[in-house]
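One file, work-v1.cif, is given below (mmCIF, N, CA and C atoms).
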data_data
loop_
_atom_site.label_atom_id
_atom_site.label_comp_id
_atom_site.auth_asym_id
_atom_site.auth_seq_id
_atom_site.Cartn_x
_atom_site.Cartn_y
_atom_site.Cartn_z
N MET A 176 124.74 84.79 72.92
CA MET A 176 123.47 85.14 73.52
C MET A 176 122.70 83.86 73.83
N LEU A 177 122.07 83.84 74.99
CA LEU A 177 121.22 82.73 75.39
C LEU A 177 119.77 83.14 75.17
N THR A 178 118.95 82.22 74.67
CA THR A 178 117.54 82.52 74.43
C THR A 178 116.67 81.43 75.06
N PHE A 179 115.64 81.88 75.78
CA PHE A 179 114.70 80.98 76.44
C PHE A 179 113.29 81.42 76.12
N ILE A 180 112.36 80.47 76.13
CA ILE A 180 110.94 80.77 75.97
C ILE A 180 110.23 80.28 77.23
N THR A 181 109.44 81.17 77.83
CA THR A 181 108.61 80.75 78.97
C THR A 181 107.15 80.84 78.54
N HIS A 182 106.35 79.93 79.10
CA HIS A 182 104.95 79.81 78.69
C HIS A 182 103.95 80.35 79.72
N SER A 183 104.44 80.82 80.85
CA SER A 183 103.56 81.33 81.90
C SER A 183 104.38 82.18 82.87
N SER A 184 103.68 82.90 83.72
CA SER A 184 104.37 83.67 84.77
C SER A 184 105.17 82.74 85.67
N GLU A 185 104.59 81.57 85.96
CA GLU A 185 105.27 80.61 86.83
C GLU A 185 106.59 80.15 86.21
N GLU A 186 106.59 79.89 84.91
CA GLU A 186 107.82 79.49 84.24
C GLU A 186 108.83 80.64 84.22
N THR A 187 108.35 81.86 84.06
CA THR A 187 109.25 83.02 84.07
C THR A 187 109.91 83.14 85.44
N ILE A 188 109.14 82.94 86.49
CA ILE A 188 109.69 82.96 87.85
C ILE A 188 110.70 81.83 88.03
N GLU A 189 110.39 80.64 87.53
CA GLU A 189 111.31 79.50 87.64
C GLU A 189 112.63 79.79 86.94
N LEU A 190 112.57 80.39 85.75
CA LEU A 190 113.80 80.76 85.06
C LEU A 190 114.57 81.79 85.88
N GLY A 191 113.86 82.73 86.48
CA GLY A 191 114.50 83.71 87.36
C GLY A 191 115.22 83.04 88.52
N LYS A 192 114.62 81.99 89.09
CA LYS A 192 115.26 81.26 90.19
C LYS A 192 116.58 80.64 89.73
N ILE A 193 116.56 80.05 88.55
CA ILE A 193 117.78 79.42 88.02
C ILE A 193 118.87 80.47 87.80
N ILE A 194 118.49 81.59 87.22
CA ILE A 194 119.44 82.68 87.00
C ILE A 194 119.96 83.18 88.35
N GLY A 195 119.06 83.39 89.30
CA GLY A 195 119.43 83.90 90.61
C GLY A 195 120.42 83.02 91.35
N GLN A 196 120.32 81.72 91.16
CA GLN A 196 121.24 80.79 91.83
C GLN A 196 122.67 80.93 91.31
N LEU A 197 122.82 81.48 90.12
CA LEU A 197 124.13 81.61 89.50
C LEU A 197 124.75 83.00 89.65
N LEU A 198 124.00 83.92 90.23
CA LEU A 198 124.50 85.29 90.38
C LEU A 198 125.49 85.37 91.53
N VAL A 199 126.41 86.31 91.42
CA VAL A 199 127.41 86.55 92.45
C VAL A 199 127.39 88.03 92.83
N LYS A 200 127.97 88.32 93.97
CA LYS A 200 128.04 89.71 94.44
C LYS A 200 128.64 90.59 93.35
N GLY A 201 128.01 91.73 93.15
CA GLY A 201 128.48 92.68 92.15
C GLY A 201 127.85 92.53 90.78
N ASP A 202 127.05 91.47 90.58
CA ASP A 202 126.39 91.32 89.28
C ASP A 202 125.35 92.42 89.08
N VAL A 203 125.29 92.90 87.86
CA VAL A 203 124.31 93.91 87.46
C VAL A 203 123.54 93.34 86.29
N ILE A 204 122.21 93.40 86.39
CA ILE A 204 121.35 92.93 85.30
C ILE A 204 120.59 94.13 84.74
N ALA A 205 120.81 94.40 83.46
CA ALA A 205 120.11 95.47 82.75
C ALA A 205 118.88 94.84 82.10
N MET A 206 117.71 95.10 82.68
CA MET A 206 116.45 94.55 82.16
C MET A 206 115.92 95.46 81.05
N GLN A 207 115.49 94.83 79.97
CA GLN A 207 114.92 95.58 78.86
C GLN A 207 113.65 94.88 78.40
N GLY A 208 112.66 95.64 78.04
CA GLY A 208 111.39 95.09 77.58
C GLY A 208 110.29 96.11 77.73
N THR A 209 109.21 95.88 77.04
CA THR A 209 108.08 96.80 77.05
C THR A 209 107.36 96.76 78.40
N LEU A 210 106.41 97.64 78.56
CA LEU A 210 105.55 97.65 79.74
C LEU A 210 104.85 96.29 79.82
N ALA A 211 104.86 95.68 80.99
CA ALA A 211 104.23 94.38 81.26
C ALA A 211 104.89 93.21 80.52
N ALA A 212 106.16 93.37 80.16
CA ALA A 212 106.87 92.29 79.47
C ALA A 212 107.18 91.13 80.41
N GLY A 213 107.37 91.42 81.70
CA GLY A 213 107.71 90.38 82.66
C GLY A 213 108.99 90.66 83.44
N LYS A 214 109.45 91.90 83.40
CA LYS A 214 110.70 92.27 84.09
C LYS A 214 110.59 92.04 85.59
N THR A 215 109.52 92.48 86.20
CA THR A 215 109.36 92.28 87.64
C THR A 215 109.07 90.82 87.95
N THR A 216 108.39 90.12 87.07
CA THR A 216 108.08 88.71 87.28
C THR A 216 109.37 87.89 87.37
N ILE A 217 110.29 88.07 86.45
CA ILE A 217 111.54 87.31 86.50
C ILE A 217 112.38 87.74 87.71
N THR A 218 112.26 89.01 88.10
CA THR A 218 112.96 89.49 89.29
C THR A 218 112.46 88.77 90.54
N LYS A 219 111.17 88.42 90.58
CA LYS A 219 110.63 87.66 91.72
C LYS A 219 111.36 86.34 91.89
N GLY A 220 111.62 85.65 90.78
CA GLY A 220 112.35 84.39 90.84
C GLY A 220 113.79 84.58 91.28
N ILE A 221 114.43 85.62 90.77
CA ILE A 221 115.81 85.91 91.17
C ILE A 221 115.85 86.16 92.68
N ALA A 222 114.90 86.95 93.17
CA ALA A 222 114.85 87.25 94.61
C ALA A 222 114.65 85.98 95.43
N GLN A 223 113.79 85.08 94.98
CA GLN A 223 113.58 83.83 95.71
C GLN A 223 114.88 83.04 95.80
N ALA A 224 115.64 83.00 94.71
CA ALA A 224 116.92 82.28 94.71
C ALA A 224 117.92 82.91 95.67
N LEU A 225 117.78 84.20 95.90
CA LEU A 225 118.67 84.90 96.83
C LEU A 225 118.18 84.81 98.27
N GLY A 226 117.12 84.03 98.50
CA GLY A 226 116.61 83.84 99.85
C GLY A 226 115.79 85.00 100.36
N ILE A 227 115.22 85.77 99.46
CA ILE A 227 114.41 86.93 99.83
C ILE A 227 112.95 86.51 99.85
N ASN A 228 112.28 86.72 100.98
CA ASN A 228 110.89 86.30 101.14
C ASN A 228 109.90 87.45 100.99
N ASP A 229 110.40 88.67 100.81
CA ASP A 229 109.53 89.84 100.66
C ASP A 229 108.75 89.76 99.35
N ASN A 230 107.63 90.46 99.32
CA ASN A 230 106.86 90.59 98.09
C ASN A 230 107.58 91.57 97.16
N ILE A 231 107.98 91.11 96.01
CA ILE A 231 108.71 91.94 95.05
C ILE A 231 107.69 92.66 94.16
N THR A 232 107.78 93.98 94.15
CA THR A 232 106.89 94.78 93.32
C THR A 232 107.75 95.70 92.45
N SER A 233 107.16 96.22 91.40
CA SER A 233 107.88 97.14 90.53
C SER A 233 108.22 98.41 91.29
N PRO A 234 109.48 98.86 91.23
CA PRO A 234 109.87 100.08 91.94
C PRO A 234 109.62 101.35 91.13
N THR A 235 108.58 101.35 90.31
CA THR A 235 108.32 102.47 89.41
C THR A 235 108.24 103.81 90.13
N PHE A 236 107.55 103.86 91.27
CA PHE A 236 107.34 105.15 91.94
C PHE A 236 108.38 105.45 93.00
N CYS A 237 109.00 104.41 93.57
CA CYS A 237 110.04 104.66 94.59
C CYS A 237 111.44 104.64 93.97
N LEU A 238 111.57 104.25 92.74
CA LEU A 238 112.81 104.18 91.95
C LEU A 238 113.75 103.05 92.35
N ILE A 239 113.98 102.86 93.66
CA ILE A 239 114.87 101.79 94.11
C ILE A 239 114.24 101.08 95.30
N SER A 240 114.15 99.77 95.21
CA SER A 240 113.72 98.94 96.34
C SER A 240 114.90 98.08 96.75
N GLU A 241 115.14 98.00 98.05
CA GLU A 241 116.23 97.17 98.56
C GLU A 241 115.63 95.99 99.31
N TYR A 242 116.19 94.81 99.05
CA TYR A 242 115.76 93.57 99.70
C TYR A 242 116.99 92.85 100.22
N TYR A 243 116.81 92.09 101.29
CA TYR A 243 117.95 91.41 101.89
C TYR A 243 117.68 89.94 102.08
N GLY A 244 118.64 89.13 101.63
CA GLY A 244 118.62 87.68 101.76
C GLY A 244 120.05 87.22 101.89
N LYS A 245 120.45 86.25 101.06
CA LYS A 245 121.84 85.78 101.06
C LYS A 245 122.80 86.92 100.73
N MET A 246 122.33 87.83 99.92
CA MET A 246 123.04 89.07 99.62
C MET A 246 121.99 90.10 99.24
N PRO A 247 122.33 91.38 99.31
CA PRO A 247 121.34 92.41 98.97
C PRO A 247 120.92 92.36 97.50
N LEU A 248 119.67 92.72 97.28
CA LEU A 248 119.14 92.89 95.93
C LEU A 248 118.66 94.33 95.81
N TYR A 249 119.20 95.04 94.85
CA TYR A 249 118.81 96.41 94.58
C TYR A 249 118.01 96.40 93.28
N HIS A 250 116.72 96.64 93.40
CA HIS A 250 115.81 96.58 92.26
C HIS A 250 115.46 98.02 91.88
N MET A 251 115.92 98.44 90.72
CA MET A 251 115.76 99.84 90.29
C MET A 251 114.86 99.93 89.06
N ASP A 252 114.16 101.03 88.97
CA ASP A 252 113.34 101.33 87.80
C ASP A 252 113.68 102.74 87.38
N VAL A 253 114.29 102.88 86.20
CA VAL A 253 114.73 104.20 85.75
C VAL A 253 113.80 104.81 84.71
N TYR A 254 112.61 104.25 84.57
CA TYR A 254 111.65 104.72 83.56
C TYR A 254 111.37 106.21 83.70
N ARG A 255 111.21 106.69 84.92
CA ARG A 255 110.83 108.08 85.15
C ARG A 255 112.02 109.05 85.17
N LEU A 256 113.23 108.54 85.03
CA LEU A 256 114.40 109.40 85.04
C LEU A 256 114.61 110.03 83.67
N ASP A 257 115.26 111.20 83.67
CA ASP A 257 115.53 111.88 82.41
C ASP A 257 116.80 111.39 81.74
N GLY A 258 117.62 110.64 82.46
CA GLY A 258 118.83 110.13 81.83
C GLY A 258 119.94 109.88 82.82
N ASP A 259 121.16 109.92 82.29
CA ASP A 259 122.36 109.56 83.05
C ASP A 259 122.54 110.37 84.33
N GLU A 260 122.39 111.67 84.24
CA GLU A 260 122.63 112.53 85.40
C GLU A 260 121.69 112.19 86.55
N ASP A 261 120.42 112.00 86.24
CA ASP A 261 119.45 111.60 87.28
C ASP A 261 119.85 110.29 87.92
N PHE A 262 120.31 109.34 87.10
CA PHE A 262 120.71 108.03 87.62
C PHE A 262 121.90 108.16 88.56
N VAL A 263 122.91 108.90 88.15
CA VAL A 263 124.10 109.10 88.98
C VAL A 263 123.73 109.80 90.28
N ASN A 264 122.82 110.77 90.20
CA ASN A 264 122.42 111.53 91.40
C ASN A 264 121.65 110.70 92.41
N LEU A 265 121.16 109.53 92.01
CA LEU A 265 120.47 108.64 92.96
C LEU A 265 121.46 107.96 93.91
N GLY A 266 122.75 108.05 93.64
CA GLY A 266 123.75 107.39 94.47
C GLY A 266 123.84 105.90 94.21
N THR A 267 123.64 105.51 92.97
CA THR A 267 123.59 104.09 92.63
C THR A 267 124.96 103.42 92.59
N ASP A 268 126.04 104.17 92.56
CA ASP A 268 127.37 103.56 92.50
C ASP A 268 127.62 102.60 93.64
N ASP A 269 127.19 102.96 94.85
CA ASP A 269 127.39 102.08 96.01
C ASP A 269 126.67 100.75 95.83
N MET A 270 125.57 100.77 95.13
CA MET A 270 124.81 99.55 94.89
C MET A 270 125.43 98.74 93.75
N ILE A 271 125.66 99.39 92.64
CA ILE A 271 126.17 98.71 91.45
C ILE A 271 127.56 98.11 91.70
N TYR A 272 128.37 98.80 92.46
CA TYR A 272 129.73 98.33 92.73
C TYR A 272 129.86 97.77 94.15
N GLY A 273 128.73 97.37 94.74
CA GLY A 273 128.72 96.88 96.11
C GLY A 273 128.69 95.37 96.22
N ASP A 274 128.17 94.90 97.35
CA ASP A 274 128.18 93.48 97.69
C ASP A 274 126.88 92.76 97.35
N GLY A 275 126.06 93.37 96.54
CA GLY A 275 124.79 92.74 96.21
C GLY A 275 124.62 92.56 94.72
N VAL A 276 123.38 92.32 94.33
CA VAL A 276 122.99 92.18 92.93
C VAL A 276 122.09 93.38 92.60
N SER A 277 122.34 94.00 91.48
CA SER A 277 121.51 95.12 91.03
C SER A 277 120.72 94.71 89.79
N ILE A 278 119.43 94.98 89.82
CA ILE A 278 118.56 94.74 88.67
C ILE A 278 117.96 96.09 88.29
N ILE A 279 118.13 96.47 87.04
CA ILE A 279 117.69 97.79 86.60
C ILE A 279 116.69 97.64 85.47
N GLU A 280 115.44 98.00 85.75
CA GLU A 280 114.39 97.97 84.73
C GLU A 280 114.47 99.25 83.91
N TRP A 281 114.16 99.14 82.62
CA TRP A 281 114.22 100.24 81.65
C TRP A 281 115.66 100.74 81.51
N SER A 282 116.60 99.83 81.57
CA SER A 282 118.02 100.17 81.56
C SER A 282 118.50 100.83 80.27
N GLU A 283 117.71 100.73 79.21
CA GLU A 283 118.09 101.34 77.93
C GLU A 283 118.46 102.81 78.10
N LYS A 284 117.85 103.46 79.09
CA LYS A 284 118.05 104.89 79.28
C LYS A 284 119.41 105.25 79.86
N ILE A 285 120.08 104.28 80.50
CA ILE A 285 121.31 104.62 81.23
C ILE A 285 122.44 103.62 80.98
N MET A 286 122.41 102.90 79.87
CA MET A 286 123.38 101.84 79.61
C MET A 286 124.84 102.31 79.70
N ASN A 287 125.12 103.54 79.29
CA ASN A 287 126.50 104.00 79.33
C ASN A 287 127.00 104.28 80.75
N GLN A 288 126.13 104.18 81.75
CA GLN A 288 126.52 104.34 83.15
C GLN A 288 126.79 103.00 83.83
N LEU A 289 126.56 101.91 83.13
CA LEU A 289 126.68 100.58 83.73
C LEU A 289 128.03 99.95 83.39
N PRO A 290 128.51 99.07 84.28
CA PRO A 290 129.81 98.42 84.03
C PRO A 290 129.78 97.56 82.76
N LYS A 291 130.93 97.36 82.17
CA LYS A 291 131.05 96.54 80.95
C LYS A 291 130.57 95.11 81.19
N ARG A 292 130.69 94.62 82.41
CA ARG A 292 130.31 93.24 82.75
C ARG A 292 128.80 93.08 82.96
N THR A 293 128.04 94.14 82.76
CA THR A 293 126.58 94.10 82.97
C THR A 293 125.92 93.02 82.11
N ILE A 294 125.08 92.23 82.75
CA ILE A 294 124.30 91.19 82.07
C ILE A 294 123.06 91.87 81.48
N ILE A 295 122.82 91.68 80.21
CA ILE A 295 121.65 92.28 79.56
C ILE A 295 120.59 91.20 79.41
N LEU A 296 119.41 91.48 79.96
CA LEU A 296 118.30 90.53 79.92
C LEU A 296 117.12 91.23 79.26
N LYS A 297 116.79 90.78 78.05
CA LYS A 297 115.71 91.38 77.28
C LYS A 297 114.53 90.42 77.23
N ILE A 298 113.35 90.93 77.58
CA ILE A 298 112.13 90.12 77.57
C ILE A 298 111.18 90.67 76.51
N THR A 299 110.74 89.76 75.64
CA THR A 299 109.80 90.14 74.59
C THR A 299 108.56 89.27 74.70
N PRO A 300 107.40 89.88 74.97
CA PRO A 300 106.16 89.09 74.98
C PRO A 300 105.74 88.75 73.55
N ASN A 301 105.30 87.53 73.35
CA ASN A 301 104.83 87.08 72.05
C ASN A 301 103.30 87.08 72.01
N ASP A 302 102.73 87.09 70.83
CA ASP A 302 101.28 87.12 70.66
C ASP A 302 100.58 85.92 71.29
N ASP A 303 101.27 84.79 71.39
CA ASP A 303 100.65 83.57 71.94
C ASP A 303 100.74 83.49 73.47
N GLY A 304 101.23 84.56 74.11
CA GLY A 304 101.31 84.58 75.57
C GLY A 304 102.65 84.11 76.12
N THR A 305 103.51 83.60 75.26
CA THR A 305 104.84 83.19 75.71
C THR A 305 105.74 84.42 75.82
N ARG A 306 106.89 84.23 76.45
CA ARG A 306 107.88 85.29 76.57
C ARG A 306 109.20 84.77 76.02
N LYS A 307 109.84 85.57 75.18
CA LYS A 307 111.20 85.25 74.74
C LYS A 307 112.14 86.04 75.65
N ILE A 308 113.06 85.33 76.28
CA ILE A 308 114.00 85.94 77.20
C ILE A 308 115.40 85.72 76.65
N GLU A 309 116.06 86.82 76.32
CA GLU A 309 117.41 86.78 75.75
C GLU A 309 118.39 87.34 76.78
N ILE A 310 119.47 86.60 76.99
CA ILE A 310 120.48 87.02 77.95
C ILE A 310 121.80 87.18 77.21
N ASP A 311 122.37 88.36 77.32
CA ASP A 311 123.64 88.64 76.66
C ASP A 311 124.67 89.05 77.72
N ASN A 312 125.92 88.81 77.42
CA ASN A 312 127.03 89.12 78.32
C ASN A 312 126.97 88.27 79.59
N TRP A 313 126.53 87.03 79.44
CA TRP A 313 126.41 86.09 80.57
C TRP A 313 127.70 85.30 80.70
N ASN A 314 128.33 85.38 81.85
CA ASN A 314 129.59 84.65 82.09
C ASN A 314 129.53 83.85 83.38
N ASN A 315 128.34 83.54 83.87
CA ASN A 315 128.18 82.90 85.17
C ASN A 315 127.97 81.40 85.08
N GLY A 316 128.24 80.81 83.94
CA GLY A 316 128.08 79.36 83.80
C GLY A 316 126.81 79.00 83.06
N PRO A 317 126.63 77.71 82.78
CA PRO A 317 125.48 77.27 81.99
C PRO A 317 124.17 77.42 82.76
N ILE A 318 123.12 77.75 82.03
CA ILE A 318 121.77 77.83 82.59
C ILE A 318 121.04 76.59 82.10
N GLU A 319 120.70 75.71 83.03
CA GLU A 319 120.00 74.47 82.70
C GLU A 319 118.50 74.73 82.66
N TRP A 320 117.92 74.76 81.47
CA TRP A 320 116.50 75.05 81.28
C TRP A 320 115.95 74.06 80.27
N ASN A 321 115.06 73.20 80.70
CA ASN A 321 114.55 72.15 79.83
C ASN A 321 113.06 72.29 79.56
N LYS A 322 112.57 73.48 79.40
CA LYS A 322 111.13 73.68 79.15
C LYS A 322 110.85 73.72 77.66
#

Translate this structure into structure tokens?
Amino acid sequence: MLTFITHSSEETIELGKIIGQLLVKGDVIAMQGTLAAGKTTITKGIAQALGINDNITSPTFCLISEYYGKMPLYHMDVYRLDGDEDFVNLGTDDMIYGDGVSIIEWSEKIMNQLPKRTIILKITPNDDGTRKIEIDNWNNGPIEWNK
């Protein structure tokens, strides 16, 4: 497991950029963390690394937002879903097993529907305003972070 500490939203975005530069087609990131932990913030950095200039917002109400850059980014929020069946019924297989990168917020609800190679990214806000970011199942090479 890799562990990083960010001290601001800007640093969280910067870490997202570094992660995004190392992603390849077909990568799936299972985001985990409480409300306002920074899941969408780190996704903004990942999107920037993928050459996406759109404003990245939480897909809480639309469930899936699609963005296009060097490769597609499928940003999903499964918070409002009841579970696996709802997730499958969204038609997510084409995205998860497609030519883009999938980021799934609140992934705890549907982990058994995700591929074994899924990257797990857990964000924990600390009392001092920092964020602890833990990455598990990472096989995309070293992440150079000197903060």

Notebook entry, point to check: With distances taken over only N, CA and C atoms, which of A:Ile193, A:Leu177, A:Met246, A:Leu265 is nearest to Asn312 in chain A?
Noted result: A:Leu177

Margin query: Under the PyMOL selection byres (((chain A and resi 204 and name CA) around 6) and name CA), which residues of this model are included? Write them out as number ranges by chain.
Written below: A: 203, 205, 278, 293-295

Margin query: Just to confirm, what's the straight-line distance from CA of Asn228 in chain A to CA of Asp274 in chain A in Å (one decimal)?
Written below: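 Those two atoms sit 19.0 Å apart.
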
Next item on the list: Considering all atoms listed in the file, return as a VMD selection string whatever protein or nucleic-acid residues lie within 8 Å of Pro300 in chain A, sequence-local ones (same chain, fewer than 5 positions apart) excluded.
Entry: chain A and resid 208 to 209 211 to 213 305 to 308

Margin query: Just to confirm, what's the straight-line distance from atom C of Ile318 in chain A to atom N of Thr181 in chain A in Å (one decimal)?
Written below: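 Between these atoms lies a distance of 13.2 Å.
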
Could you model N, CA, C and O atoms for range 301-321 of chain A and present them as a short mmCIF file (atom, residue, chain, number, x, y, z; two decimals), keeping the file's coordinate frame?
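What ended up in out.cif:
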data_model
loop_
_atom_site.label_atom_id
_atom_site.label_comp_id
_atom_site.auth_asym_id
_atom_site.auth_seq_id
_atom_site.Cartn_x
_atom_site.Cartn_y
_atom_site.Cartn_z
N ASN A 301 105.30 87.53 73.35
CA ASN A 301 104.83 87.08 72.05
C ASN A 301 103.30 87.08 72.01
O ASN A 301 102.65 87.04 73.06
N ASP A 302 102.73 87.09 70.83
CA ASP A 302 101.28 87.12 70.66
C ASP A 302 100.58 85.92 71.29
O ASP A 302 99.42 86.01 71.69
N ASP A 303 101.27 84.79 71.39
CA ASP A 303 100.65 83.57 71.94
C ASP A 303 100.74 83.49 73.47
O ASP A 303 100.40 82.48 74.06
N GLY A 304 101.23 84.56 74.11
CA GLY A 304 101.31 84.58 75.57
C GLY A 304 102.65 84.11 76.12
O GLY A 304 102.89 84.20 77.32
N THR A 305 103.51 83.60 75.26
CA THR A 305 104.84 83.19 75.71
C THR A 305 105.74 84.42 75.82
O THR A 305 105.39 85.51 75.36
N ARG A 306 106.89 84.23 76.45
CA ARG A 306 107.88 85.29 76.57
C ARG A 306 109.20 84.77 76.02
O ARG A 306 109.63 83.67 76.36
N LYS A 307 109.84 85.57 75.18
CA LYS A 307 111.20 85.25 74.74
C LYS A 307 112.14 86.04 75.65
O LYS A 307 112.02 87.27 75.78
N ILE A 308 113.06 85.33 76.28
CA ILE A 308 114.00 85.94 77.20
C ILE A 308 115.40 85.72 76.65
O ILE A 308 115.85 84.59 76.51
N GLU A 309 116.06 86.82 76.32
CA GLU A 309 117.41 86.78 75.75
C GLU A 309 118.39 87.34 76.78
O GLU A 309 118.14 88.39 77.37
N ILE A 310 119.47 86.60 76.99
CA ILE A 310 120.48 87.02 77.95
C ILE A 310 121.80 87.18 77.21
O ILE A 310 122.28 86.25 76.56
N ASP A 311 122.37 88.36 77.32
CA ASP A 311 123.64 88.64 76.66
C ASP A 311 124.67 89.05 77.72
O ASP A 311 124.31 89.58 78.77
N ASN A 312 125.92 88.81 77.42
CA ASN A 312 127.03 89.12 78.32
C ASN A 312 126.97 88.27 79.59
O ASN A 312 127.31 88.72 80.67
N TRP A 313 126.53 87.03 79.44
CA TRP A 313 126.41 86.09 80.57
C TRP A 313 127.70 85.30 80.70
O TRP A 313 128.10 84.61 79.77
N ASN A 314 128.33 85.38 81.85
CA ASN A 314 129.59 84.65 82.09
C ASN A 314 129.53 83.85 83.38
O ASN A 314 130.57 83.53 83.95
N ASN A 315 128.34 83.54 83.87
CA ASN A 315 128.18 82.90 85.17
C ASN A 315 127.97 81.40 85.08
O ASN A 315 127.54 80.78 86.04
N GLY A 316 128.24 80.81 83.94
CA GLY A 316 128.08 79.36 83.80
C GLY A 316 126.81 79.00 83.06
O GLY A 316 126.00 79.87 82.73
N PRO A 317 126.63 77.71 82.78
CA PRO A 317 125.48 77.27 81.99
C PRO A 317 124.17 77.42 82.76
O PRO A 317 124.11 77.23 83.97
N ILE A 318 123.12 77.75 82.03
CA ILE A 318 121.77 77.83 82.59
C ILE A 318 121.04 76.59 82.10
O ILE A 318 120.80 76.43 80.91
N GLU A 319 120.70 75.71 83.03
CA GLU A 319 120.00 74.47 82.70
C GLU A 319 118.50 74.73 82.66
O GLU A 319 117.87 74.90 83.70
N TRP A 320 117.92 74.76 81.47
CA TRP A 320 116.50 75.05 81.28
C TRP A 320 115.95 74.06 80.27
O TRP A 320 116.34 74.08 79.11
N ASN A 321 115.06 73.20 80.70
CA ASN A 321 114.55 72.15 79.83
C ASN A 321 113.06 72.29 79.56
O ASN A 321 112.35 71.31 79.52
#
